[in-house]
$ cat upload-v9.tsv   # TSV, C-alpha atoms
chain	number	residue	atom	x	y	z
A	29	MET	CA	26.14	-256.54	60.05
A	30	ALA	CA	28.61	-253.88	61.18
A	31	THR	CA	27.36	-250.47	62.21
A	32	ARG	CA	28.65	-247.72	59.95
A	33	THR	CA	29.52	-244.47	61.63
A	34	ASP	CA	31.41	-242.80	58.81
A	35	THR	CA	30.63	-239.16	58.04
A	36	LEU	CA	28.51	-239.95	54.98
A	37	THR	CA	26.32	-242.43	56.88
A	38	LEU	CA	25.83	-239.97	59.73
A	39	GLU	CA	24.88	-237.23	57.26
A	40	VAL	CA	22.34	-239.51	55.52
A	41	VAL	CA	20.82	-240.50	58.88
A	42	GLU	CA	20.53	-236.83	59.85
A	43	LEU	CA	18.88	-235.96	56.53
A	44	ILE	CA	16.39	-238.81	56.90
A	45	GLY	CA	15.57	-237.54	60.40
A	46	THR	CA	14.98	-234.04	59.04
A	47	VAL	CA	12.66	-235.34	56.30
A	48	VAL	CA	10.69	-237.41	58.83
A	49	ALA	CA	10.38	-234.45	61.22
A	50	ARG	CA	9.16	-232.16	58.42
A	51	TYR	CA	6.66	-234.79	57.30
A	52	HIS	CA	5.23	-235.15	60.81
A	53	GLU	CA	5.08	-231.38	61.33
A	54	GLU	CA	3.16	-230.89	58.10
A	55	TYR	CA	0.94	-233.91	58.70
A	56	ASP	CA	0.06	-232.70	62.20
A	57	ARG	CA	-0.64	-229.18	60.86
A	58	ALA	CA	-2.91	-230.58	58.11
A	59	ALA	CA	-4.66	-232.82	60.65
A	60	ALA	CA	-5.25	-229.88	63.00
A	61	GLU	CA	-6.98	-227.99	60.18
A	62	HIS	CA	-9.55	-230.81	60.25
A	63	SER	CA	-9.61	-230.85	64.08
A	64	LEU	CA	-7.82	-234.22	64.09
A	65	THR	CA	-4.74	-235.39	65.93
A	66	GLY	CA	-1.86	-236.79	63.89
A	67	ALA	CA	-2.74	-240.30	65.08
A	68	GLN	CA	-6.38	-239.88	64.06
A	69	ALA	CA	-5.31	-238.62	60.64
A	70	ARG	CA	-2.95	-241.59	60.15
A	71	VAL	CA	-5.69	-244.08	61.07
A	72	LEU	CA	-8.13	-242.32	58.75
A	73	GLY	CA	-5.52	-242.42	55.97
A	74	LEU	CA	-5.09	-246.18	56.38
A	75	LEU	CA	-8.83	-246.79	56.47
A	76	SER	CA	-9.39	-244.67	53.37
A	77	LEU	CA	-7.43	-247.31	51.45
A	78	GLU	CA	-9.25	-250.37	52.83
A	79	PRO	CA	-11.31	-251.49	55.83
A	80	LEU	CA	-9.12	-253.09	58.50
A	81	PRO	CA	-9.54	-254.93	61.80
A	82	MET	CA	-8.31	-252.97	64.84
A	83	ARG	CA	-5.45	-255.37	65.45
A	84	LYS	CA	-4.08	-254.87	61.94
A	85	ILE	CA	-4.28	-251.07	62.33
A	86	ALA	CA	-2.31	-251.38	65.58
A	87	VAL	CA	0.36	-253.49	63.88
A	88	ARG	CA	0.73	-251.05	60.99
A	89	LEU	CA	0.96	-248.05	63.33
A	90	LYS	CA	3.10	-249.96	65.83
A	91	CYS	CA	0.85	-249.15	68.79
A	92	GLU	CA	-1.44	-250.91	71.25
A	93	PRO	CA	-4.85	-252.13	70.01
A	94	SER	CA	-6.52	-250.28	72.91
A	95	ASN	CA	-5.11	-247.00	71.56
A	96	VAL	CA	-6.57	-247.79	68.13
A	97	THR	CA	-9.97	-248.51	69.67
A	98	GLY	CA	-10.03	-245.03	71.25
A	99	ILE	CA	-8.94	-243.38	68.02
A	100	VAL	CA	-11.57	-245.24	65.99
A	101	ASP	CA	-14.21	-244.35	68.61
A	102	ARG	CA	-13.44	-240.64	68.17
A	103	LEU	CA	-13.40	-240.90	64.37
A	104	GLU	CA	-16.68	-242.80	64.43
A	105	THR	CA	-18.29	-240.13	66.62
A	106	ARG	CA	-17.36	-237.55	63.97
A	107	GLY	CA	-18.86	-239.65	61.16
A	108	LEU	CA	-15.48	-240.30	59.51
A	109	VAL	CA	-15.30	-244.03	60.28
A	110	GLU	CA	-17.77	-246.84	60.81
A	111	ARG	CA	-17.49	-250.34	62.21
A	112	ARG	CA	-18.86	-253.23	60.18
A	113	PRO	CA	-18.69	-257.02	60.33
A	114	ASP	CA	-15.90	-258.70	58.37
A	115	PRO	CA	-17.59	-260.63	55.52
A	116	ALA	CA	-14.93	-263.35	55.88
A	117	ASP	CA	-15.44	-263.72	59.66
A	118	ARG	CA	-18.51	-262.09	61.19
A	119	ARG	CA	-16.93	-262.31	64.66
A	120	VAL	CA	-14.37	-259.71	63.54
A	121	LYS	CA	-15.25	-256.04	63.25
A	122	LEU	CA	-13.64	-253.94	60.55
A	123	ALA	CA	-13.11	-250.21	60.81
A	124	ALA	CA	-13.86	-248.51	57.50
A	125	ALA	CA	-13.77	-244.91	56.34
A	126	THR	CA	-17.13	-243.41	55.46
A	127	GLU	CA	-17.48	-241.31	52.30
A	128	ARG	CA	-16.89	-238.22	54.45
A	129	GLY	CA	-13.83	-239.92	55.95
A	130	ARG	CA	-12.40	-240.79	52.52
A	131	ARG	CA	-12.93	-237.19	51.39
A	132	THR	CA	-11.19	-235.88	54.53
A	133	ALA	CA	-8.28	-238.32	54.04
A	134	ARG	CA	-7.94	-237.14	50.43
A	135	GLU	CA	-7.88	-233.51	51.58
A	136	LEU	CA	-5.20	-234.40	54.14
A	137	ARG	CA	-3.05	-236.11	51.48
A	138	ASP	CA	-3.50	-233.14	49.14
A	139	ALA	CA	-2.34	-230.76	51.89
A	140	LEU	CA	0.98	-232.59	52.29
A	141	ASP	CA	3.11	-230.77	49.80
A	142	PHE	CA	6.46	-230.25	51.55
A	143	ALA	CA	7.96	-233.07	49.49
A	144	ARG	CA	6.00	-232.57	46.27
A	145	GLU	CA	7.95	-229.56	45.09
A	146	PRO	CA	11.41	-231.03	45.75
A	147	LEU	CA	10.34	-234.38	44.29
A	148	ALA	CA	8.99	-232.61	41.20
A	149	GLY	CA	12.54	-231.38	40.62
A	150	LEU	CA	13.74	-234.97	40.28
A	151	SER	CA	13.42	-236.95	37.09
A	152	ASP	CA	11.29	-240.09	36.95
A	153	ALA	CA	14.49	-242.13	37.03
A	154	GLU	CA	15.76	-240.32	40.15
A	155	ARG	CA	12.42	-240.75	41.94
A	156	THR	CA	12.43	-244.43	41.02
A	157	VAL	CA	15.95	-244.87	42.44
A	158	LEU	CA	14.95	-243.00	45.61
A	159	ARG	CA	11.83	-245.16	46.01
A	160	ASP	CA	13.78	-248.36	45.46
A	161	LEU	CA	16.51	-247.34	47.91
A	162	LEU	CA	13.93	-246.48	50.57
A	163	ARG	CA	12.18	-249.81	50.03
A	164	ARG	CA	15.53	-251.59	50.30
A	165	MET	CA	16.33	-249.77	53.54
A	166	LEU	CA	12.96	-250.92	54.91
A	167	GLY	CA	13.61	-254.50	53.82
A	168	GLU	CA	10.79	-254.49	51.30
A	169	GLU	CA	10.97	-256.24	47.98
A	170	THR	CA	10.92	-254.09	44.86
A	171	PRO	CA	8.04	-255.19	42.60

$ encode --input "upload-v9.tsv" --output "structure tokens"
Amino acid sequence: MATRTDTLTLEVVELIGTVVARYHEEYDRAAAEHSLTGAQARVLGLLSLEPLPMRKIAVRLKCEPSNVTGIVDRLETRGLVERRPDPADRRVKLAAATERGRRTARELRDALDFAREPLAGLSDAERTVLRDLLRRMLGEETP
């Protein structure tokens, strides 16, 4: 696949970078309001959806499992996460958000509104196209 360096492609790449930077700034700001780091907030967000083994968290966040262990340790100390045996394989420990952790993750998601207002200005059809294009760029299948 040839690399495209035309003006339009460069502009799109720059805009994507700006969106990502704004997302991380707002996410880190929301996390700090809960005395969490951005990484802790991201792990908590994942675990609020489903319990996961440490290795799977590391794969999803593209980091070392030892980093995830430290993050989960700190979240567990704060009562936001707990470790429990995997019912499918009791040798594996799952990290799972506690009720307090799920509530905190929900508050974090609710605080992320930099994109809500601009997205609200798009029609359902435009948001669907944007979602599908982003999925395509990431190599994900559209359901």

$ residues_around --input "upload-v9.tsv" --residues "Ile99 of chain A" --least-positions-apart "2" --cutoff "8 Å" --atoms "all atoms listed in the file" --output "list in words"
Ala67, Gln68, Val71, Asn95, Val96, Thr97, Asp101, Arg102 and Leu103 of chain A

$ atom_distance --input "upload-v9.tsv" --atom1 "atom CA of Ala133 of chain A" --atom2 "atom CA of Glu145 of chain A"
20.5 Å

$ atom_distance --input "upload-v9.tsv" --atom1 "atom CA of Arg128 of chain A" --atom2 "atom CA of Val109 of chain A"
8.4 Å

$ atom_distance --input "upload-v9.tsv" --atom1 "atom CA of Ser63 of chain A" --atom2 "atom CA of Pro113 of chain A"
28.0 Å

$ closest_residue --input "upload-v9.tsv" --among "A:Leu122, A:Ala153, A:Leu136, A:Leu147" --to "Glu78 of chain A" --atoms "only C-alpha atoms"
A:Leu122

$ residues_near_point --input "upload-v9.tsv" --point "(-0.3, -250.0, 66.9)" --cutoff "12 Å" --atoms "all atoms listed in the file" --output "list of chain:residue names"
A:Ala67, A:Arg70, A:Val71, A:Pro81, A:Met82, A:Arg83, A:Lys84, A:Ile85, A:Ala86, A:Val87, A:Arg88, A:Leu89, A:Lys90, A:Cys91, A:Glu92, A:Pro93, A:Ser94, A:Asn95, A:Val96, A:Thr97, A:Gly98, A:Ile99

$ closest_residue --input "upload-v9.tsv" --among "A:Phe142, A:Leu72, A:Ala148, A:Leu162" --to "Ala49 of chain A" --atoms "only C-alpha atoms"
A:Phe142

$ closest_residue --input "upload-v9.tsv" --among "A:Ala69, A:Val157, A:Val100, A:Leu108" --to "His52 of chain A" --atoms "all atoms listed in the file"
A:Ala69

$ residues_around --input "upload-v9.tsv" --residues "Ala139 of chain A" --least-positions-apart "6" --cutoff "10 Å" --atoms "only C-alpha atoms" --output "MDAnalysis selection string"
chainID A and resid 54:55 57:59 61 133

$ closest_residue --input "upload-v9.tsv" --among "A:Leu77, A:Val47, A:Ala116, A:Leu166" --to "Gly129 of chain A" --atoms "only C-alpha atoms"
A:Leu77

$ closest_residue --input "upload-v9.tsv" --among "A:Gly45, A:Gly167, A:Gly107, A:Pro79" --to "Thr132 of chain A" --atoms "all atoms listed in the file"
A:Gly107

$ closest_residue --input "upload-v9.tsv" --among "A:Ala125, A:Leu80, A:Leu140, A:Gly73" --to "Glu53 of chain A" --atoms "only C-alpha atoms"
A:Leu140

$ decode --input "upload-v9.tsv" --residues "segment 42-158 of chain A" --atoms "C-alpha atoms" --output "compact mmCIF listing (two decimals), in the first residue's frame"
# COMPACT_ATOMS: atom_id res chain seq x y z
CA GLU A 42 -3.42 16.54 11.60
CA LEU A 43 -7.12 16.79 12.50
CA ILE A 44 -7.13 13.25 13.89
CA GLY A 45 -4.08 14.15 15.99
CA THR A 46 -5.86 17.23 17.33
CA VAL A 47 -8.96 15.22 18.25
CA VAL A 48 -6.83 12.59 20.02
CA ALA A 49 -4.88 15.25 21.93
CA ARG A 50 -8.10 16.98 23.06
CA TYR A 51 -9.57 13.65 24.13
CA HIS A 52 -6.52 12.82 26.24
CA GLU A 53 -6.40 16.30 27.78
CA GLU A 54 -10.04 16.10 28.81
CA TYR A 55 -9.75 12.49 29.96
CA ASP A 56 -6.71 13.31 32.11
CA ARG A 57 -8.50 16.37 33.55
CA ALA A 58 -11.59 14.28 34.40
CA ALA A 59 -9.38 11.57 35.91
CA ALA A 60 -7.54 14.12 38.06
CA GLU A 61 -10.86 15.30 39.50
CA HIS A 62 -11.19 11.76 40.89
CA SER A 63 -7.51 11.70 41.96
CA LEU A 64 -6.74 9.16 39.23
CA THR A 65 -4.08 9.12 36.54
CA GLY A 66 -5.19 8.81 32.93
CA ALA A 67 -3.95 5.21 32.87
CA GLN A 68 -5.89 4.35 36.03
CA ALA A 69 -9.03 5.90 34.56
CA ARG A 70 -8.63 3.93 31.31
CA VAL A 71 -8.21 0.64 33.19
CA LEU A 72 -11.22 1.46 35.36
CA GLY A 73 -13.23 2.27 32.23
CA LEU A 74 -12.38 -1.10 30.69
CA LEU A 75 -13.18 -2.97 33.88
CA SER A 76 -16.50 -1.17 34.27
CA LEU A 77 -17.61 -2.97 31.10
CA GLU A 78 -16.46 -6.47 32.09
CA PRO A 79 -13.99 -8.24 34.38
CA LEU A 80 -10.72 -8.99 32.59
CA PRO A 81 -7.48 -10.86 33.24
CA MET A 82 -4.42 -8.60 33.60
CA ARG A 83 -2.88 -9.86 30.38
CA LYS A 84 -5.97 -8.92 28.37
CA ILE A 85 -5.99 -5.42 29.92
CA ALA A 86 -2.34 -5.03 28.91
CA VAL A 87 -3.10 -6.09 25.34
CA ARG A 88 -6.02 -3.66 25.05
CA LEU A 89 -3.98 -0.77 26.46
CA LYS A 90 -0.85 -1.82 24.57
CA CYS A 91 1.35 -1.85 27.67
CA GLU A 92 3.31 -4.30 29.81
CA PRO A 93 1.36 -6.62 32.14
CA SER A 94 3.57 -5.47 35.05
CA ASN A 95 2.31 -1.90 34.51
CA VAL A 96 -1.28 -3.15 34.64
CA THR A 97 -0.59 -5.00 37.89
CA GLY A 98 0.59 -1.76 39.53
CA ILE A 99 -2.39 0.17 38.23
CA VAL A 100 -4.84 -2.48 39.44
CA ASP A 101 -3.07 -2.57 42.83
CA ARG A 102 -3.64 1.18 43.26
CA LEU A 103 -7.27 0.96 42.11
CA GLU A 104 -7.86 -1.97 44.46
CA THR A 105 -6.40 -0.02 47.39
CA ARG A 106 -8.96 2.72 46.69
CA GLY A 107 -11.85 0.24 46.59
CA LEU A 108 -12.53 0.80 42.88
CA VAL A 109 -11.40 -2.64 41.67
CA GLU A 110 -11.25 -6.13 43.11
CA ARG A 111 -9.52 -9.31 42.07
CA ARG A 112 -11.55 -12.50 41.79
CA PRO A 113 -11.01 -15.99 40.41
CA ASP A 114 -12.04 -16.60 36.80
CA PRO A 115 -15.03 -18.99 36.92
CA ALA A 116 -13.76 -20.62 33.71
CA ASP A 117 -10.22 -21.15 35.06
CA ARG A 118 -9.67 -20.68 38.79
CA ARG A 119 -5.90 -20.35 38.21
CA VAL A 120 -6.58 -17.02 36.47
CA LYS A 121 -7.42 -13.88 38.42
CA LEU A 122 -9.81 -11.35 36.94
CA ALA A 123 -9.77 -7.68 37.77
CA ALA A 124 -13.30 -6.33 38.14
CA ALA A 125 -14.72 -2.92 38.95
CA THR A 126 -16.56 -2.67 42.24
CA GLU A 127 -19.88 -0.83 42.42
CA ARG A 128 -17.95 2.27 43.49
CA GLY A 129 -15.58 1.73 40.56
CA ARG A 130 -18.44 1.42 38.06
CA ARG A 131 -19.99 4.62 39.44
CA THR A 132 -16.64 6.44 39.14
CA ALA A 133 -16.16 5.17 35.57
CA ARG A 134 -19.66 6.39 34.69
CA GLU A 135 -18.87 9.82 36.15
CA LEU A 136 -15.65 9.91 34.12
CA ARG A 137 -17.50 9.06 30.90
CA ASP A 138 -20.15 11.69 31.67
CA ALA A 139 -17.42 14.32 32.16
CA LEU A 140 -16.03 13.75 28.65
CA ASP A 141 -18.06 16.20 26.66
CA PHE A 142 -15.58 17.85 24.28
CA ALA A 143 -16.92 15.72 21.43
CA ARG A 144 -20.56 15.52 22.50
CA GLU A 145 -21.48 19.02 21.43
CA PRO A 146 -19.84 18.84 17.99
CA LEU A 147 -21.21 15.33 17.45
CA ALA A 148 -24.69 16.52 18.42
CA GLY A 149 -24.46 18.91 15.47
CA LEU A 150 -24.15 15.96 13.10
CA SER A 151 -27.12 13.99 11.86
CA ASP A 152 -27.51 10.32 12.70
CA ALA A 153 -26.44 9.50 9.15
CA GLU A 154 -23.29 11.64 9.45
CA ARG A 155 -22.37 10.08 12.81
CA THR A 156 -22.90 6.63 11.31
CA VAL A 157 -20.61 7.44 8.37
CA LEU A 158 -17.98 8.84 10.75
